[in-house]
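**Q** Sharing final_22.csv below, CSV, C-alpha atoms:
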chain,number,residue,atom,x,y,z
A,1,ASP,CA,165.5,154.8,65.5
A,2,VAL,CA,162.5,153.3,63.8
A,3,LYS,CA,163.3,149.9,62.2
A,4,VAL,CA,160.0,148.4,61.1
A,5,THR,CA,157.3,150.9,60.0
A,6,GLN,CA,153.7,150.1,59.4
A,7,SER,CA,152.1,152.7,57.3
A,8,SER,CA,148.8,153.0,59.2
A,9,ARG,CA,148.1,152.5,63.0
A,10,TYR,CA,144.4,152.6,62.6
A,11,LEU,CA,142.1,151.9,59.7
A,12,VAL,CA,138.4,151.6,59.3
A,13,LYS,CA,137.1,150.0,56.1
A,14,ARG,CA,133.8,148.7,54.9
A,15,THR,CA,132.9,145.1,54.0
A,16,GLY,CA,134.0,144.3,50.5
A,17,GLU,CA,136.7,147.0,50.2
A,18,LYS,CA,140.2,146.2,49.2
A,19,VAL,CA,142.7,146.9,51.9
A,20,PHE,CA,146.5,147.4,51.7
A,21,LEU,CA,148.7,147.2,54.7
A,22,GLU,CA,152.2,148.4,54.1
A,23,CYS,CA,155.4,147.5,56.0
A,24,VAL,CA,158.9,148.8,55.5
A,25,GLN,CA,162.1,147.7,57.3
A,26,ASP,CA,165.4,149.5,57.2
A,27,MET,CA,167.6,146.7,58.6
A,28,ASP,CA,168.3,144.8,55.3
A,29,HIS,CA,166.5,141.7,56.7
A,30,GLU,CA,165.9,138.8,54.4
A,31,ASN,CA,162.7,137.6,56.1
A,32,MET,CA,159.5,139.5,56.6
A,33,PHE,CA,156.3,138.3,58.2
A,34,TRP,CA,152.7,139.3,58.7
A,35,TYR,CA,150.9,138.2,61.8
A,36,ARG,CA,147.4,138.7,63.0
A,37,GLN,CA,146.8,139.2,66.8
A,38,ASP,CA,143.5,138.4,68.4
A,39,PRO,CA,142.7,138.3,72.2
A,40,GLY,CA,143.4,134.8,73.6
A,41,LEU,CA,144.7,133.5,70.3
A,42,GLY,CA,148.1,135.1,70.4
A,43,LEU,CA,149.9,135.8,67.1
A,44,ARG,CA,149.0,133.7,64.1
A,45,LEU,CA,151.1,133.8,61.0
A,46,ILE,CA,149.4,134.8,57.8
A,47,TYR,CA,152.3,134.9,55.3
A,48,PHE,CA,156.0,135.2,55.3
A,49,SER,CA,158.6,136.0,52.7
A,50,TYR,CA,162.3,135.0,52.8
A,51,ASP,CA,163.3,136.9,49.7
A,52,VAL,CA,162.1,139.4,47.1
A,53,LYS,CA,159.1,138.0,45.2
A,54,MET,CA,159.0,134.9,47.4
A,55,LYS,CA,156.2,134.1,49.7
A,56,GLU,CA,155.0,131.2,51.9
A,57,LYS,CA,151.7,130.6,53.5
A,58,GLY,CA,151.5,130.7,57.2
A,59,ASP,CA,148.8,129.2,59.4
A,60,ILE,CA,145.8,131.4,58.3
A,61,PRO,CA,146.4,132.7,54.7
A,62,GLU,CA,142.8,132.4,53.6
A,63,GLY,CA,141.4,135.8,52.5
A,64,TYR,CA,144.8,137.4,52.3
A,65,SER,CA,147.6,137.9,49.8
A,66,VAL,CA,151.0,139.5,50.0
A,67,SER,CA,153.5,141.3,47.8
A,68,ARG,CA,157.2,141.7,48.1
A,69,GLU,CA,158.7,143.6,45.2
A,70,LYS,CA,161.5,145.1,47.1
A,71,LYS,CA,163.6,143.7,49.9
A,72,GLU,CA,162.5,146.4,52.4
A,73,ARG,CA,158.8,146.3,51.7
A,74,PHE,CA,156.2,143.7,52.4
A,75,SER,CA,152.5,144.4,51.8
A,76,LEU,CA,149.5,142.6,53.1
A,77,ILE,CA,146.4,142.7,50.9
A,78,LEU,CA,142.8,142.0,51.8
A,79,GLU,CA,141.1,141.6,48.4
A,80,SER,CA,137.6,141.9,49.9
A,81,ALA,CA,137.5,142.8,53.5
A,82,SER,CA,135.1,141.0,55.8
A,83,THR,CA,134.1,141.7,59.4
A,84,ASN,CA,136.0,138.6,60.7
A,85,GLN,CA,139.2,140.3,59.5
A,86,THR,CA,138.8,143.0,62.1
A,87,SER,CA,142.0,142.6,64.1
A,88,MET,CA,145.5,143.9,64.9
A,89,TYR,CA,148.0,143.2,62.2
A,90,LEU,CA,151.7,143.0,63.0
A,91,CYS,CA,154.6,143.1,60.6
A,92,ALA,CA,158.0,141.7,61.5
A,93,SER,CA,161.3,141.1,60.0
A,94,SER,CA,164.4,139.0,60.7
A,95,TYR,CA,167.8,137.8,59.4
A,96,THR,CA,168.3,134.4,58.0
A,97,GLY,CA,170.5,131.9,59.8
A,98,LEU,CA,171.5,132.2,63.4
A,99,GLY,CA,169.4,135.4,63.8
A,100,ALA,CA,166.3,133.8,62.4
A,101,ASN,CA,163.2,134.2,64.4
A,102,VAL,CA,164.5,136.9,66.6
A,103,LEU,CA,161.9,139.1,65.1
A,104,THR,CA,161.8,142.9,65.0
A,105,PHE,CA,158.2,144.0,65.1
A,106,GLY,CA,156.4,147.1,63.9
A,107,ALA,CA,153.9,148.9,66.1
A,108,GLY,CA,150.9,147.2,64.5
A,109,SER,CA,147.9,148.3,62.4
A,110,ARG,CA,144.5,148.0,64.0
A,111,LEU,CA,141.9,147.3,61.3
A,112,THR,CA,138.2,147.6,61.8
A,113,VAL,CA,135.9,146.3,59.1
A,114,LEU,CA,132.3,147.5,59.3
B,115,ALA,CA,152.4,120.1,65.1
B,116,GLN,CA,153.7,122.3,67.8
B,117,LYS,CA,151.8,124.2,70.4
B,118,VAL,CA,152.5,126.8,73.1
B,119,THR,CA,150.1,127.3,76.0
B,120,GLN,CA,150.1,130.2,78.4
B,121,ALA,CA,147.4,129.3,80.8
B,122,GLN,CA,147.3,132.6,82.6
B,123,THR,CA,145.4,135.1,80.4
B,124,GLU,CA,145.7,137.9,82.9
B,125,ILE,CA,147.7,138.5,86.1
B,126,SER,CA,147.4,141.5,88.5
B,127,VAL,CA,150.0,142.2,91.1
B,128,VAL,CA,151.0,145.1,93.3
B,129,GLU,CA,154.3,146.8,92.7
B,130,LYS,CA,157.3,145.1,94.2
B,131,GLU,CA,155.7,141.7,94.2
B,132,ASP,CA,157.4,138.9,92.3
B,133,VAL,CA,155.4,137.3,89.5
B,134,THR,CA,155.9,134.2,87.4
B,135,LEU,CA,154.4,133.8,83.9
B,136,ASP,CA,154.0,130.2,82.8
B,137,CYS,CA,154.7,128.7,79.4
B,138,VAL,CA,154.2,125.1,78.4
B,139,TYR,CA,155.1,123.9,75.0
B,140,GLU,CA,154.6,120.8,72.8
B,141,THR,CA,156.9,119.7,70.0
B,142,ARG,CA,158.2,116.5,68.4
B,143,ASP,CA,161.4,118.1,67.4
B,144,THR,CA,164.5,117.4,69.3
B,145,THR,CA,166.1,120.7,68.4
B,146,TYR,CA,164.0,123.8,69.0
B,147,TYR,CA,164.2,127.3,70.3
B,148,LEU,CA,162.0,129.1,72.9
B,149,PHE,CA,161.4,132.8,73.1
B,150,TRP,CA,159.8,135.4,75.2
B,151,TYR,CA,158.5,138.7,73.8
B,152,LYS,CA,157.0,141.7,75.6
B,153,GLN,CA,154.3,143.8,74.1
B,154,PRO,CA,153.9,147.2,76.0
B,155,PRO,CA,150.8,149.4,75.5
B,156,SER,CA,152.5,151.0,72.5
B,157,GLY,CA,151.9,147.8,70.6
B,158,GLU,CA,155.4,146.9,69.4
B,159,LEU,CA,156.6,143.5,70.5
B,160,VAL,CA,160.1,143.5,72.0
B,161,PHE,CA,162.3,140.4,72.1
B,162,LEU,CA,163.4,139.4,75.6
B,163,ILE,CA,165.2,136.1,75.3
B,164,ARG,CA,165.9,133.0,73.2
B,165,ARG,CA,166.9,129.6,74.4
B,166,ASN,CA,167.8,126.5,72.5
B,167,SER,CA,166.7,123.0,73.5
B,168,PHE,CA,170.2,121.9,74.5
B,169,ASP,CA,170.7,124.7,77.0
B,170,GLU,CA,168.8,124.2,80.1
B,171,GLN,CA,170.7,126.6,82.2
B,172,ASN,CA,168.5,129.2,83.9
B,173,GLU,CA,169.1,132.7,82.9
B,174,ILE,CA,169.0,135.9,84.9
B,175,SER,CA,169.0,139.4,83.5
B,176,GLY,CA,168.4,142.1,86.1
B,177,ARG,CA,165.0,141.6,87.6
B,178,TYR,CA,164.1,139.0,84.9
B,179,SER,CA,164.8,135.3,85.1
B,180,TRP,CA,163.9,132.3,83.1
B,181,ASN,CA,163.5,128.7,84.1
B,182,PHE,CA,163.7,126.2,81.3
B,183,GLN,CA,162.8,122.6,82.2
B,184,LYS,CA,162.7,120.0,79.4
B,185,SER,CA,161.3,117.4,81.7
B,186,THR,CA,158.1,119.4,82.1
B,187,SER,CA,158.2,121.1,78.7
B,188,SER,CA,158.1,124.5,80.4
B,189,PHE,CA,159.9,127.8,80.0
B,190,ASN,CA,158.6,130.1,82.8
B,191,PHE,CA,159.5,133.7,83.2
B,192,THR,CA,159.8,135.4,86.6
B,193,ILE,CA,159.9,139.2,87.3
B,194,THR,CA,161.3,140.0,90.6
B,195,ALA,CA,160.2,143.2,92.4
B,196,SER,CA,157.7,144.1,89.7
B,197,GLN,CA,157.3,147.7,88.6
B,198,VAL,CA,154.5,149.5,86.8
B,199,VAL,CA,156.6,149.7,83.7
B,200,ASP,CA,156.4,145.9,83.5
B,201,SER,CA,152.8,146.1,82.7
B,202,ALA,CA,152.4,144.6,79.2
B,203,VAL,CA,151.3,141.5,77.4
B,204,TYR,CA,154.0,138.8,77.4
B,205,PHE,CA,154.2,136.1,74.7
B,206,CYS,CA,156.1,132.8,74.8
B,207,ALA,CA,157.0,131.3,71.4
B,208,LEU,CA,158.5,128.2,70.0
B,209,ARG,CA,160.4,127.4,66.8
B,210,GLY,CA,160.9,123.8,65.9
B,211,ALA,CA,162.5,122.3,62.8
B,212,GLY,CA,160.4,124.5,60.5
B,213,ASN,CA,161.0,128.1,59.8
B,214,MET,CA,158.0,129.5,61.7
B,215,LEU,CA,157.4,130.7,65.2
B,216,THR,CA,154.3,129.4,67.1
B,217,PHE,CA,153.1,131.9,69.7
B,218,GLY,CA,151.2,131.3,72.9
B,219,GLY,CA,148.0,133.2,73.6
B,220,GLY,CA,149.8,135.7,75.7
B,221,THR,CA,149.6,136.8,79.4
B,222,ARG,CA,148.5,140.3,80.3
B,223,LEU,CA,150.4,141.5,83.3
B,224,MET,CA,149.1,144.5,85.2
B,225,VAL,CA,151.3,145.9,87.9
B,226,LYS,CA,149.5,148.4,90.2
B,227,PRO,CA,151.3,151.1,92.2
Take the structure from the file and write it as structure tokens.

**A**
Amino acid sequence: DVKVTQSSRYLVKRTGEKVFLECVQDMDHENMFWYRQDPGLGLRLIYFSYDVKMKEKGDIPEGYSVSREKKERFSLILESASTNQTSMYLCASSYTGLGANVLTFGAGSRLTVL
Amino acid sequence: AQKVTQAQTEISVVEKEDVTLDCVYETRDTTYYLFWYKQPPSGELVFLIRRNSFDEQNEISGRYSWNFQKSTSSFNFTITASQVVDSAVYFCALRGAGNMLTFGGGTRLMVKP
């Protein structure tokens, strides 16, 4: 019954490495989102996509890029990881229209950058 | 700009106690939506409720109830007779005219047996 799958639960990377976080949803949702979760700061939106090959910057896009080549897959890319990108990353998806913003989340990917 | 404040970062209660999680929001939009999500230890946020700005009726779902008051810009969440399984981080969120949700900082609830 898994609906939003994030490929890695835990990753440890070194400063300067390129990091890919993958997210797949099987609900045919138009919208997909990447959030970052840090204690006391809640969830902050990095990027979102409302259609294939479309992307919009969220609140904190610096240092990140995204790719959406297929409707079901939304990837977050850290071109050169830095220690301040150590965090929990959450992927989510939703329908457009009335169902918008009732997000379905994945279990999260905890990234540590050394 | 919109903002959501959850002033309680952590709450600890004993099982069967009632507990209220506070949420205060700021927005200039006249039409907006408010949400509560639960994040259990497994990590996956779970949607609990959505309210729109024109519907101020309180809602009850089992042991959960929500009190929406536009006059104080608050959307508080009460758990009655708390259980250990209620232990989680709870997030309040707001969507205004834009397409993005703004989340509060979250409240960690610990229910002890």

**Q** Could you give me, as a tab-separated table, every range 143-186 of chain B residue with an atom at most 12 Å from range 4-23 of chain A, plus its closest atom pair and distance in Å to one decimal, counting all atoms listed in the file, rows ordered by chain then number?

**A**
residue	atom	partner	partner_atom	distance
B:Ser156	CA	A:Arg9	CA	10.6
B:Gly157	CA	A:Arg9	CA	9.7
B:Glu158	CA	A:Val4	CA	9.6
B:Leu159	CA	A:Val4	CA	11.1
B:Val160	CA	A:Val4	CA	12.0

**Q** Select, from B:Thr123, B:Asn166, B:Thr194, B:Gln116, the residue with the minimum atom-to-atom distance to chain A, counting all atoms listed in the file.

**A**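 Checking each of B:Thr123, B:Asn166, B:Thr194, B:Gln116 against chain A, counting all atoms listed in the file, the winner is B:Thr123.
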
**Q** If you measure from CA of Gln183 in chain B to CA of Arg165 in chain B, what distance in Å do you get, rounded to one decimal?

**A** 11.3 Å

**Q** Set the cut-off to 7 Å and count all atoms listed in the file: what are the residues of chain A that reach chain B? Output as JSON, numbers by chain.

**A** {"A": [40, 41, 42, 43, 101, 102, 105, 106, 107, 108]}

**Q** Take the selection from the previous step and output its residues with C-alpha atoms, as a compact mmCIF listing (two decimals), in the coordinates of the input.

**A**
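The resulting file, selection_26.txt, is shown below:
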# COMPACT_ATOMS: atom_id res chain seq x y z
CA GLY A 40 143.40 134.80 73.60
CA LEU A 41 144.70 133.50 70.30
CA GLY A 42 148.10 135.10 70.40
CA LEU A 43 149.90 135.80 67.10
CA ASN A 101 163.20 134.20 64.40
CA VAL A 102 164.50 136.90 66.60
CA PHE A 105 158.20 144.00 65.10
CA GLY A 106 156.40 147.10 63.90
CA ALA A 107 153.90 148.90 66.10
CA GLY A 108 150.90 147.20 64.50

**Q** State, in Å with one decimal place, the distance from CA of Val24 in chain A to CA of Ser93 in chain A.

**A**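 Pair CA of Val24 in chain A / CA of Ser93 in chain A returns 9.2 Å.
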
**Q** Between CA of Arg110 in chain A and CA of Tyr89 in chain A, measure the distance and give it in Å to one decimal.

**A**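 Taking CA of Arg110 in chain A as the start and CA of Tyr89 in chain A as the end point, the length is 6.2 Å.
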
**Q** Taking all atoms listed in the file into account, name the residue in A:Ser109, A:Ser65, A:Ser94, A:Ser82 that is nearest to Ile46 in chain A.

**A**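 Under the stated criterion, the closest residue is A:Ser65.
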
**Q** Taking 3 positions as the minimum chain separation for residues in the same chain, which residues sit within 9 Å of Tyr35 in chain A when counting all atoms listed in the file? Answer as a ChimeraX atom specification.

**A** /A:43-48,58,88-92

**Q** Here's a test: counting all atoms listed in the file, identify every protein, DNA and RNA residue with an atom at most 8 Å from (164.0, 149.5, 57.1) in the file's coordinate frame, and state them as a VMD selection string.

**A** chain A and resid 2 to 5 24 to 28 72

**Q** Between B:Phe182, B:Ile125, B:Val203, B:Asn172, which has the minimum distance to Val138 in chain B (counting all atoms listed in the file)?

**A**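 Nearest to Val138 in chain B: B:Phe182.
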
**Q** Could you name the residues that touch Ser187 in chain B at 9 Å or less, counting all atoms listed in the file, but leaving out those on the same chain fewer than 6 positions away, as a list in words?

**A**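 Contacts, with the query itself left out: Cys137, Val138, Tyr139, Glu140 and Thr141 of chain B.
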
**Q** Using all atoms listed in the file, pick whichever of A:Leu111, A:Ile77, A:Met32, A:Leu103 has the shortest atom-to-atom distance to Pro61 in chain A.

**A**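 Once distances to Pro61 in chain A are computed over all atoms listed in the file, the minimum belongs to A:Ile77.
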
**Q** Go ahead and find all residues with at least one atom no further than 10 Å from (160.4, 144.0, 87.2) in the file's coordinates, using all atoms listed in the file; report them as number ranges by chain.

**A** B: 129-133, 176-179, 192-201, 225
